[in-house]
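work.txt (compact mmCIF, C-alpha atoms)
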```txt
# COMPACT_ATOMS: atom_id res chain seq x y z
CA MET X 1 52.13 33.75 4.46
CA LEU X 2 53.25 31.41 7.20
CA ILE X 3 54.25 27.83 6.35
CA GLN X 4 54.13 25.18 9.06
CA GLU X 5 54.76 21.46 9.21
CA LEU X 6 51.76 19.18 9.56
CA THR X 7 51.64 16.48 12.18
CA ARG X 8 51.89 12.97 10.80
CA GLN X 9 48.20 12.42 11.60
CA ALA X 10 47.18 15.59 9.73
CA SER X 11 49.21 14.40 6.72
CA LEU X 12 47.52 10.99 6.79
CA ASP X 13 44.10 12.65 7.15
CA LEU X 14 44.73 14.63 3.95
CA LEU X 15 45.80 11.47 2.10
CA ALA X 16 42.65 9.72 3.32
CA ARG X 17 40.26 12.42 2.08
CA THR X 18 42.09 13.26 -1.18
CA HIS X 19 42.11 10.98 -4.21
CA LEU X 20 43.85 13.11 -6.81
CA GLY X 21 47.63 13.28 -6.52
CA ARG X 22 50.70 13.82 -8.64
CA LEU X 23 53.07 10.90 -8.97
CA ALA X 24 56.73 11.43 -9.83
CA CYS X 25 58.98 8.65 -11.06
CA ALA X 26 62.42 8.78 -12.66
CA GLN X 27 64.37 7.11 -15.44
CA GLY X 28 68.07 7.68 -15.00
CA THR X 29 68.30 11.32 -13.95
CA GLN X 30 65.09 12.36 -15.75
CA PRO X 31 62.03 12.78 -13.51
CA TYR X 32 58.47 12.51 -14.81
CA VAL X 33 55.26 13.61 -13.10
CA VAL X 34 51.65 12.75 -13.90
CA PRO X 35 48.29 13.11 -12.16
CA VAL X 36 46.95 9.91 -10.61
CA TYR X 37 43.92 8.88 -8.63
CA PHE X 38 44.65 6.87 -5.52
CA VAL X 39 43.13 5.59 -2.30
CA TYR X 40 45.16 5.70 0.87
CA ASP X 41 44.98 2.81 3.32
CA ASN X 42 47.32 1.90 6.14
CA ASP X 43 50.60 3.41 4.81
CA TYR X 44 49.88 2.45 1.18
CA LEU X 45 48.49 4.39 -1.77
CA TYR X 46 46.51 2.10 -4.08
CA SER X 47 46.04 2.97 -7.72
CA PHE X 48 45.92 1.53 -11.21
CA SER X 49 46.77 2.48 -14.73
CA THR X 50 47.02 1.14 -18.21
CA ALA X 51 50.52 0.12 -19.26
CA GLY X 52 52.50 3.13 -20.39
CA GLN X 53 55.51 5.28 -19.72
CA LYS X 54 55.08 5.71 -15.98
CA ILE X 55 54.51 1.98 -15.42
CA GLU X 56 57.60 1.12 -17.47
CA TRP X 57 59.67 3.65 -15.53
CA MET X 58 58.40 2.45 -12.13
CA ARG X 59 59.06 -1.18 -13.03
CA ALA X 60 62.66 -0.22 -13.78
CA ASN X 61 63.04 2.13 -10.78
CA PRO X 62 60.48 1.67 -7.99
CA LEU X 63 61.46 4.84 -6.10
CA VAL X 64 58.62 7.33 -6.46
CA CYS X 65 57.18 10.44 -4.85
CA VAL X 66 53.51 11.37 -4.61
CA GLU X 67 52.21 14.83 -3.79
CA ALA X 68 48.62 15.55 -2.75
CA ASP X 69 47.25 18.93 -1.83
CA GLU X 70 44.29 21.17 -1.18
CA VAL X 71 44.97 24.59 -2.66
CA VAL X 72 42.60 27.45 -1.83
CA SER X 73 44.95 30.17 -3.03
CA ALA X 74 48.66 30.90 -3.33
CA GLU X 75 48.58 31.89 0.34
CA GLN X 76 46.37 29.15 1.70
CA TRP X 77 47.11 25.51 0.99
CA VAL X 78 47.97 22.14 2.48
CA SER X 79 50.40 19.80 0.73
CA VAL X 80 51.59 16.29 1.61
CA ILE X 81 54.64 14.56 0.13
CA VAL X 82 54.99 10.78 0.16
CA PHE X 83 58.35 9.25 -0.63
CA GLY X 84 57.60 5.66 -1.42
CA ARG X 85 58.20 2.49 -3.32
CA TYR X 86 56.22 1.14 -6.27
CA GLU X 87 54.88 -2.38 -5.96
CA GLU X 88 52.94 -3.97 -8.78
CA LEU X 89 49.96 -6.07 -7.76
CA LEU X 90 50.42 -8.93 -10.20
CA ASP X 91 47.60 -11.19 -11.26
CA THR X 92 49.16 -14.13 -9.42
CA PRO X 93 48.02 -16.21 -6.41
CA GLU X 94 50.59 -14.42 -4.24
CA TYR X 95 48.91 -11.05 -4.80
CA GLN X 96 45.29 -12.23 -4.80
CA GLY X 97 44.48 -10.86 -1.36
CA THR X 98 46.20 -7.52 -1.98
CA ARG X 99 44.50 -7.13 -5.37
CA ALA X 100 41.12 -7.83 -3.77
CA LEU X 101 41.85 -5.13 -1.17
CA ALA X 102 42.92 -2.69 -3.91
CA HIS X 103 39.76 -3.35 -5.93
CA ALA X 104 37.55 -2.92 -2.88
CA LEU X 105 39.22 0.36 -1.90
CA LEU X 106 39.21 1.78 -5.42
CA LYS X 107 35.58 0.80 -5.95
CA ARG X 108 34.49 2.21 -2.61
CA HIS X 109 35.88 5.58 -3.63
CA SER X 110 34.60 5.31 -7.20
CA VAL X 111 38.00 5.85 -8.78
CA TRP X 112 38.90 2.34 -9.82
CA TRP X 113 38.39 2.58 -13.55
CA GLU X 114 39.13 6.27 -13.94
CA PRO X 115 41.04 7.97 -15.38
CA ALA X 116 43.61 5.42 -16.41
CA TYR X 117 41.43 2.59 -17.67
CA ALA X 118 40.28 4.35 -20.77
CA LYS X 119 40.46 4.40 -24.51
CA THR X 120 43.48 6.40 -25.57
CA ILE X 121 43.99 7.68 -29.06
CA LEU X 122 47.62 8.41 -29.80
CA ARG X 123 48.54 9.49 -33.30
CA GLY X 124 45.46 7.77 -34.64
CA ALA X 125 46.21 4.43 -32.97
CA GLN X 126 44.38 2.99 -30.00
CA ARG X 127 46.61 2.27 -27.02
CA SER X 128 46.71 -1.04 -25.20
CA LEU X 129 44.24 -1.33 -22.34
CA GLU X 130 46.20 -3.77 -20.19
CA PRO X 131 45.25 -2.75 -16.66
CA VAL X 132 48.04 -2.57 -14.09
CA PHE X 133 47.19 -2.42 -10.39
CA TYR X 134 49.83 -1.12 -8.05
CA ARG X 135 50.44 0.38 -4.67
CA ILE X 136 52.97 2.81 -3.26
CA GLN X 137 54.38 1.99 0.14
CA GLY X 138 54.75 5.32 1.94
CA ARG X 139 58.18 5.26 3.54
CA GLN X 140 58.31 8.94 4.46
CA ILE X 141 55.20 11.08 4.70
CA THR X 142 55.44 14.79 5.47
CA GLY X 143 53.09 17.71 5.06
CA HIS X 144 52.97 21.48 5.19
CA ARG X 145 50.26 24.03 5.59
CA ALA X 146 50.35 27.68 4.49
CA VAL X 147 48.15 30.32 6.02
CA PRO X 148 47.92 33.99 5.11
CA ASP X 149 49.96 36.26 7.31
CA GLN X 150 51.79 39.56 7.24
CA PRO X 151 55.11 39.79 5.43
CA VAL X 152 58.09 38.52 7.37
CA THR X 153 60.00 41.75 7.11
CA ALA X 154 58.97 45.33 6.54
CA PRO X 155 57.37 45.66 3.10
CA ASP X 156 60.11 47.90 1.76
CA ALA X 157 62.86 45.54 2.82
CA ARG X 158 60.99 42.63 1.36
CA LEU X 159 60.22 44.29 -1.93
CA SER X 160 63.71 45.67 -2.28
CA VAL X 161 64.89 42.21 -3.22
CA THR X 162 63.39 42.67 -6.63
CA ASP X 163 62.11 46.21 -6.76
CA SER X 164 64.35 48.78 -8.32
CA GLY X 165 62.02 51.75 -7.99
CA LYS X 166 59.67 51.39 -10.92
CA HIS X 167 57.11 49.42 -8.91
CA ARG X 168 56.45 51.96 -6.18
CA TRP X 169 52.73 51.54 -6.80
CA LEU X 170 53.10 48.00 -5.44
CA HIS X 171 54.86 49.26 -2.31
CA SER X 172 52.10 51.68 -1.52
CA LEU X 173 49.37 49.19 -2.36
CA LEU X 174 50.92 46.65 -0.01
CA ARG X 175 51.20 49.24 2.76
CA ARG X 176 47.54 50.06 2.36
CA VAL X 177 46.52 46.38 2.35
CA GLN X 178 48.59 45.78 5.48
CA GLY X 179 46.97 48.75 7.18
CA GLN X 180 43.53 47.37 6.37
CA ARG X 181 44.49 43.94 7.67
CA GLN X 182 45.68 45.35 10.95
CA GLU X 183 42.50 47.38 11.37
CA SER X 184 40.25 44.44 10.60
CA ARG X 185 42.16 42.04 12.86
CA PRO X 186 42.97 43.99 16.02
CA LYS X 187 43.69 40.95 18.21
CA ARG X 188 46.62 39.46 16.34
CA ARG X 189 48.86 36.98 18.04
CA GLU X 190 52.39 38.08 18.85
CA ARG X 191 54.97 36.94 16.37
CA MET T 1 36.37 8.25 -21.04
CA LEU T 2 38.32 9.09 -24.16
CA ILE T 3 41.88 10.43 -23.88
CA GLN T 4 43.33 12.43 -26.75
CA GLU T 5 46.57 14.23 -27.40
CA LEU T 6 46.51 18.02 -27.34
CA THR T 7 48.00 20.03 -30.13
CA ARG T 8 51.17 21.88 -29.21
CA GLN T 9 49.26 25.16 -29.28
CA ALA T 10 46.55 23.83 -26.94
CA SER T 11 49.29 22.68 -24.53
CA LEU T 12 50.94 26.11 -24.62
CA ASP T 13 47.56 27.79 -24.10
CA LEU T 14 47.03 25.76 -20.92
CA LEU T 15 50.50 26.69 -19.64
CA ALA T 16 49.75 30.35 -20.37
CA ARG T 17 46.48 30.43 -18.41
CA THR T 18 47.57 28.16 -15.52
CA HIS T 19 49.98 29.24 -12.80
CA LEU T 20 49.88 26.32 -10.41
CA GLY T 21 51.91 23.29 -11.44
CA ARG T 22 53.75 20.36 -9.91
CA LEU T 23 57.49 20.27 -10.38
CA ALA T 24 59.41 16.99 -10.23
CA CYS T 25 63.16 16.82 -9.76
CA ALA T 26 65.42 13.89 -8.89
CA GLN T 27 68.43 13.13 -6.75
CA GLY T 28 70.09 9.92 -7.89
CA THR T 29 67.16 7.61 -8.58
CA GLN T 30 64.82 9.29 -6.07
CA PRO T 31 62.24 11.65 -7.59
CA TYR T 32 60.61 14.48 -5.62
CA VAL T 33 57.50 16.47 -6.53
CA VAL T 34 56.20 19.74 -5.10
CA PRO T 35 53.58 22.31 -6.08
CA VAL T 36 54.96 25.49 -7.65
CA TYR T 37 53.59 28.69 -9.08
CA PHE T 38 54.96 29.68 -12.46
CA VAL T 39 54.41 31.97 -15.40
CA TYR T 40 54.89 30.62 -18.90
CA ASP T 41 56.53 32.79 -21.53
CA ASN T 42 58.04 31.78 -24.84
CA ASP T 43 59.07 28.17 -24.05
CA TYR T 44 60.13 28.97 -20.48
CA LEU T 45 58.39 28.58 -17.13
CA TYR T 46 59.49 31.31 -14.70
CA SER T 47 59.28 30.78 -10.98
CA PHE T 48 61.02 31.41 -7.69
CA SER T 49 61.50 29.80 -4.34
CA THR T 50 63.40 30.07 -1.12
CA ALA T 51 66.47 27.88 -0.93
CA GLY T 52 65.52 24.37 0.07
CA GLN T 53 65.49 20.75 -0.96
CA LYS T 54 64.14 21.20 -4.49
CA ILE T 55 66.61 23.99 -5.27
CA GLU T 56 69.53 21.91 -4.00
CA TRP T 57 68.38 18.94 -6.04
CA MET T 58 67.87 20.99 -9.22
CA ARG T 59 71.27 22.63 -8.85
CA ALA T 60 72.81 19.14 -8.76
CA ASN T 61 70.59 17.70 -11.51
CA PRO T 62 68.87 20.26 -13.76
CA LEU T 63 66.59 17.74 -15.49
CA VAL T 64 63.05 18.38 -14.31
CA CYS T 65 59.44 17.76 -15.27
CA VAL T 66 56.50 20.08 -14.67
CA GLU T 67 52.86 19.03 -14.85
CA ALA T 68 49.97 21.49 -15.06
CA ASP T 69 46.34 20.57 -15.36
CA GLU T 70 42.69 21.56 -15.18
CA VAL T 71 40.74 18.77 -13.54
CA VAL T 72 36.94 18.95 -13.59
CA SER T 73 36.44 15.30 -12.62
CA ALA T 74 38.12 11.93 -13.02
CA GLU T 75 36.55 11.75 -16.48
CA GLN T 76 37.12 15.30 -17.63
CA TRP T 77 40.54 16.89 -17.43
CA VAL T 78 43.39 18.46 -19.39
CA SER T 79 47.01 17.82 -18.41
CA VAL T 80 50.26 19.16 -19.85
CA ILE T 81 53.71 17.68 -19.20
CA VAL T 82 56.87 19.74 -19.67
CA PHE T 83 60.21 17.98 -19.73
CA GLY T 84 62.73 20.70 -19.18
CA ARG T 85 65.95 22.01 -17.77
CA TYR T 86 66.42 24.09 -14.63
CA GLU T 87 68.31 27.33 -15.02
CA GLU T 88 68.98 29.55 -12.03
CA LEU T 89 68.66 33.27 -12.64
CA LEU T 90 71.64 34.44 -10.64
CA ASP T 91 71.96 37.93 -9.27
CA THR T 92 74.80 38.70 -11.67
CA PRO T 93 75.14 41.16 -14.58
CA GLU T 94 74.82 38.27 -17.05
CA TYR T 95 71.32 37.47 -15.82
CA GLN T 96 70.10 41.00 -15.19
CA GLY T 97 67.84 41.14 -18.25
CA THR T 98 66.37 37.69 -17.65
CA ARG T 99 65.76 38.44 -13.96
CA ALA T 100 63.97 41.66 -14.91
CA LEU T 101 61.78 39.70 -17.32
CA ALA T 102 61.06 37.08 -14.63
CA HIS T 103 60.11 39.77 -12.09
CA ALA T 104 57.85 41.52 -14.58
CA LEU T 105 56.08 38.29 -15.55
CA LEU T 106 55.68 37.07 -11.98
CA LYS T 107 54.38 40.45 -10.83
CA ARG T 108 51.98 40.78 -13.73
CA HIS T 109 50.37 37.50 -12.70
CA SER T 110 50.53 38.30 -8.97
CA VAL T 111 52.43 35.15 -8.08
CA TRP T 112 55.92 36.51 -7.61
CA TRP T 113 56.20 36.44 -3.83
CA GLU T 114 53.85 33.54 -3.19
CA PRO T 115 53.95 30.85 -2.00
CA ALA T 116 57.67 30.29 -1.80
CA TYR T 117 58.85 33.60 -0.40
CA ALA T 118 57.42 33.12 3.04
CA LYS T 119 58.26 32.59 6.65
CA THR T 120 58.69 28.90 7.29
CA ILE T 121 58.68 27.36 10.73
CA LEU T 122 60.40 23.99 10.79
CA ARG T 123 60.79 22.26 14.13
CA GLY T 124 60.55 25.62 15.87
CA ALA T 125 63.28 27.27 13.78
CA GLN T 126 62.72 29.89 11.09
CA ARG T 127 64.01 28.88 7.68
CA SER T 128 66.30 30.99 5.55
CA LEU T 129 64.51 33.40 3.22
CA GLU T 130 67.13 33.56 0.49
CA PRO T 131 65.07 34.03 -2.67
CA VAL T 132 66.06 32.00 -5.73
CA PHE T 133 64.70 32.94 -9.14
CA TYR T 134 64.78 30.30 -11.83
CA ARG T 135 63.28 29.23 -15.11
CA ILE T 136 62.59 25.89 -16.73
CA GLN T 137 63.36 25.63 -20.40
CA GLY T 138 60.62 23.49 -21.92
CA ARG T 139 62.38 20.99 -24.18
CA GLN T 140 59.39 18.70 -24.73
CA ILE T 141 55.84 19.85 -24.11
CA THR T 142 52.93 17.45 -24.54
CA GLY T 143 49.35 17.44 -23.38
CA HIS T 144 46.30 15.22 -23.09
CA ARG T 145 42.63 15.80 -22.70
CA ALA T 146 40.06 13.37 -21.29
CA VAL T 147 36.38 13.61 -22.07
CA PRO T 148 33.55 11.44 -20.79
CA ASP T 149 32.57 8.66 -23.14
CA GLN T 150 31.10 5.20 -23.15
CA PRO T 151 33.24 2.28 -21.99
CA VAL T 152 35.61 0.92 -24.60
CA THR T 153 34.34 -2.61 -24.40
CA ALA T 154 31.05 -4.13 -23.35
CA PRO T 155 30.43 -3.51 -19.64
CA ASP T 156 30.65 -7.16 -18.69
CA ALA T 157 33.95 -7.65 -20.46
CA ARG T 158 35.33 -4.52 -18.86
CA LEU T 159 34.17 -5.33 -15.38
CA SER T 160 35.30 -8.91 -15.60
CA VAL T 161 38.87 -7.71 -15.19
CA THR T 162 38.23 -7.22 -11.51
CA ASP T 163 34.74 -8.46 -10.84
CA SER T 164 34.40 -11.96 -9.47
CA GLY T 165 30.63 -11.94 -9.07
CA LYS T 166 30.07 -10.12 -5.81
CA HIS T 167 29.70 -6.73 -7.50
CA ARG T 168 26.82 -7.57 -9.83
CA TRP T 169 25.01 -4.46 -8.60
CA LEU T 170 27.72 -2.44 -10.32
CA HIS T 171 27.22 -4.30 -13.60
CA SER T 172 23.52 -3.59 -13.64
CA LEU T 173 23.98 0.00 -12.52
CA LEU T 174 26.45 0.59 -15.35
CA ARG T 175 24.09 -1.00 -17.88
CA ARG T 176 21.34 1.31 -16.74
CA VAL T 177 23.59 4.37 -16.90
CA GLN T 178 24.72 3.41 -20.39
CA GLY T 179 21.12 2.97 -21.50
CA GLN T 180 20.30 6.45 -20.22
CA ARG T 181 23.31 7.94 -21.96
CA GLN T 182 22.38 6.40 -25.27
CA GLU T 183 18.80 7.63 -24.95
CA SER T 184 19.85 11.16 -24.08
CA ARG T 185 22.50 11.36 -26.82
CA PRO T 186 20.96 9.72 -29.88
CA LYS T 187 23.29 11.32 -32.45
CA ARG T 188 26.61 9.89 -31.29
CA ARG T 189 29.54 9.81 -33.63
CA GLU T 190 30.68 6.44 -34.91
CA ARG T 191 33.63 5.02 -33.06
```
Encoded form (structure tokens):
Amino acid sequence: MLIQELTRQASLDLLARTHLGRLACAQGTQPYVVPVYFVYDNDYLYSFSTAGQKIEWMRANPLVCVEADEVVSAEQWVSVIVFGRYEELLDTPEYQGTRALAHALLKRHSVWWEPAYAKTILRGAQRSLEPVFYRIQGRQITGHRAVPDQPVTAPDARLSVTDSGKHRWLHSLLRRVQGQRQESRPKRRER
Amino acid sequence: MLIQELTRQASLDLLARTHLGRLACAQGTQPYVVPVYFVYDNDYLYSFSTAGQKIEWMRANPLVCVEADEVVSAEQWVSVIVFGRYEELLDTPEYQGTRALAHALLKRHSVWWEPAYAKTILRGAQRSLEPVFYRIQGRQITGHRAVPDQPVTAPDARLSVTDSGKHRWLHSLLRRVQGQRQESRPKRRER
């Protein structure tokens, strides 16, 4: 597997076509991560939620991180990391324009009432449905792509890190797989 | 959509059958989240990585959070959150047994050398390949499941949160969809 950095544009393209991400926030030294739906627009991720733990934590500490990816397999994936700042879109005149933009974006991509604006049953009690609209200002956006490749080092050297002899079947399997790869792809680039 | 808590066993079952998760760590008040492959065994998530930002951060602050999920759609998903503690499995006699267990688990599920143990090209330079094995002790494991359902409140009341009149098409579409749902599912439980 070969891992490479994405260009900024490729990272933004992934954010634009992906709407499911994982949002990390922190309280004190304890991080917390949850799945969120978002819409990317012009350096901001727009989303909404009902009031709850992540909203409370982000109100107290607006530093967050959002990860979005497209995973085909363990060897083939693209992942983008956004370090950003939480900003609540309050129901006040000041935020009217930004809230209207958020609603339009979230509606256009059919994610505006899901999954956060929902009935939640917690220990038999129904949770508050107060909707909170927010956006994350992306202050640092980076991405990586992994593509299948040959091992970096010779298979024996690589496996010797963890292999103490009882997994020789894996050595020989890998050698065979590598042989097949080389046969099926004769015109490999030089590495 | 209706969101419900999972039982502890259902949460553990998801961790046992899922190997892709998102790991959040924090440096100071800044959280960071990345995709990781792991294997769950007996209250621990086992994983490994090359040395890098997340390892440095977890060495400095071992409080982490891992999220694993199965997302079918915005309305149908299962998500498990693990609050835990990072523990590095050092290449020392003390950790020999635990490292052997980690290797066996990671090999059994074919995730042990992927995706972290790979050649990484960053700004033209190849990154160090020092492998780091670690586990996360799950100190609090909770899960939620979302299933499609009818809106909580009447459609007009729900939409009025964001709808100022120019999206009446959405109101009527939702009413029609709800009508169809009720027709096709006549024996709904009482809510």
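Among T:Lys107, T:Lys54, T:Arg85, T:His144, the residue with the shortest atom-to-atom distance to Leu12 (chain T), counting only C-alpha atoms, is T:His144.
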Coordinates-based distance that separates CA of Thr50 (chain T) from CA of Val36 (chain X) (Å, one decimal):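 Computing the Euclidean distance for CA of Val36 (chain X) and CA of Thr50 (chain T) yields 27.7 Å.
Of the residues listed (T:Asp43, T:Glu88, T:Asp13, T:Glu5), T:Glu5 shows the shortest atom-to-atom separation from chain X; distances use only C-alpha atoms.
Distance-wise, CA of Pro35 (chain X) and CA of Ile3 (chain T) end up 13.6 Å apart.
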Interatomic distance (Å, one decimal) between CA of Pro148 (chain T) and CA of Val71 (chain T):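 If I compute the distance from CA of Pro148 (chain T) to CA of Val71 (chain T), I get 12.6 Å.
Nearest to chain X of all the residues T:Gln137, T:Gln53, T:Ser47, T:Ser79 is T:Ser79, based on all atoms listed in the file.
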Among listed residues T:Gly143, T:Tyr32, T:Ala104, T:Met1, nearest Ala74 (chain T) (using all atoms listed in the file):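 Once distances to Ala74 (chain T) are computed over all atoms listed in the file, the minimum belongs to T:Met1.
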Could you please fill out region 85-105 of chain X with N, CA, C and O atoms and send it back as a tab-separated table (two decimals), keeping the file's coordinate frame?
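Result file selection-v2.tsv:
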```tsv
chain	number	residue	atom	x	y	z
X	85	ARG	N	57.68	3.55	-2.46
X	85	ARG	CA	58.20	2.49	-3.32
X	85	ARG	C	57.05	1.83	-4.08
X	85	ARG	O	56.05	1.45	-3.50
X	86	TYR	N	57.22	1.74	-5.39
X	86	TYR	CA	56.22	1.14	-6.27
X	86	TYR	C	56.21	-0.38	-6.12
X	86	TYR	O	57.26	-1.01	-6.09
X	87	GLU	N	55.02	-0.92	-6.02
X	87	GLU	CA	54.88	-2.38	-5.96
X	87	GLU	C	53.71	-2.77	-6.86
X	87	GLU	O	52.57	-2.35	-6.63
X	88	GLU	N	54.00	-3.58	-7.86
X	88	GLU	CA	52.94	-3.97	-8.78
X	88	GLU	C	52.15	-5.12	-8.19
X	88	GLU	O	52.73	-6.06	-7.63
X	89	LEU	N	50.83	-5.02	-8.30
X	89	LEU	CA	49.96	-6.07	-7.76
X	89	LEU	C	49.64	-7.03	-8.91
X	89	LEU	O	48.66	-6.87	-9.64
X	90	LEU	N	50.50	-8.01	-9.06
X	90	LEU	CA	50.42	-8.93	-10.20
X	90	LEU	C	49.19	-9.82	-10.09
X	90	LEU	O	48.67	-10.05	-9.00
X	91	ASP	N	48.76	-10.30	-11.23
X	91	ASP	CA	47.60	-11.19	-11.26
X	91	ASP	C	48.09	-12.62	-11.01
X	91	ASP	O	47.99	-13.50	-11.87
X	92	THR	N	48.63	-12.82	-9.82
X	92	THR	CA	49.16	-14.13	-9.42
X	92	THR	C	48.56	-14.50	-8.06
X	92	THR	O	48.08	-13.62	-7.34
X	93	PRO	N	48.60	-15.79	-7.71
X	93	PRO	CA	48.02	-16.21	-6.41
X	93	PRO	C	48.62	-15.43	-5.24
X	93	PRO	O	47.92	-15.05	-4.31
X	94	GLU	N	49.91	-15.13	-5.32
X	94	GLU	CA	50.59	-14.42	-4.24
X	94	GLU	C	49.94	-13.08	-3.92
X	94	GLU	O	49.88	-12.64	-2.78
X	95	TYR	N	49.45	-12.41	-4.99
X	95	TYR	CA	48.91	-11.05	-4.80
X	95	TYR	C	47.38	-11.02	-4.73
X	95	TYR	O	46.80	-9.94	-4.72
X	96	GLN	N	46.75	-12.21	-4.71
X	96	GLN	CA	45.29	-12.23	-4.80
X	96	GLN	C	44.63	-11.40	-3.70
X	96	GLN	O	43.74	-10.59	-3.96
X	97	GLY	N	45.08	-11.58	-2.48
X	97	GLY	CA	44.48	-10.86	-1.36
X	97	GLY	C	44.68	-9.35	-1.48
X	97	GLY	O	43.76	-8.56	-1.26
X	98	THR	N	45.89	-8.96	-1.87
X	98	THR	CA	46.20	-7.52	-1.98
X	98	THR	C	45.42	-6.89	-3.14
X	98	THR	O	44.95	-5.76	-3.04
X	99	ARG	N	45.29	-7.65	-4.25
X	99	ARG	CA	44.50	-7.13	-5.37
X	99	ARG	C	43.03	-6.96	-4.98
X	99	ARG	O	42.38	-5.97	-5.33
X	100	ALA	N	42.52	-7.93	-4.20
X	100	ALA	CA	41.12	-7.83	-3.77
X	100	ALA	C	40.94	-6.58	-2.89
X	100	ALA	O	39.95	-5.85	-3.02
X	101	LEU	N	41.91	-6.33	-2.02
X	101	LEU	CA	41.85	-5.13	-1.17
X	101	LEU	C	41.89	-3.87	-2.04
X	101	LEU	O	41.10	-2.94	-1.84
X	102	ALA	N	42.80	-3.85	-3.01
X	102	ALA	CA	42.92	-2.69	-3.91
X	102	ALA	C	41.60	-2.44	-4.65
X	102	ALA	O	41.10	-1.32	-4.69
X	103	HIS	N	41.02	-3.51	-5.19
X	103	HIS	CA	39.76	-3.35	-5.93
X	103	HIS	C	38.68	-2.80	-5.01
X	103	HIS	O	37.93	-1.89	-5.39
X	104	ALA	N	38.59	-3.36	-3.81
X	104	ALA	CA	37.55	-2.92	-2.88
X	104	ALA	C	37.72	-1.44	-2.54
X	104	ALA	O	36.76	-0.67	-2.55
X	105	LEU	N	38.96	-1.04	-2.25
X	105	LEU	CA	39.22	0.36	-1.90
X	105	LEU	C	38.92	1.30	-3.06
X	105	LEU	O	38.28	2.34	-2.90
```
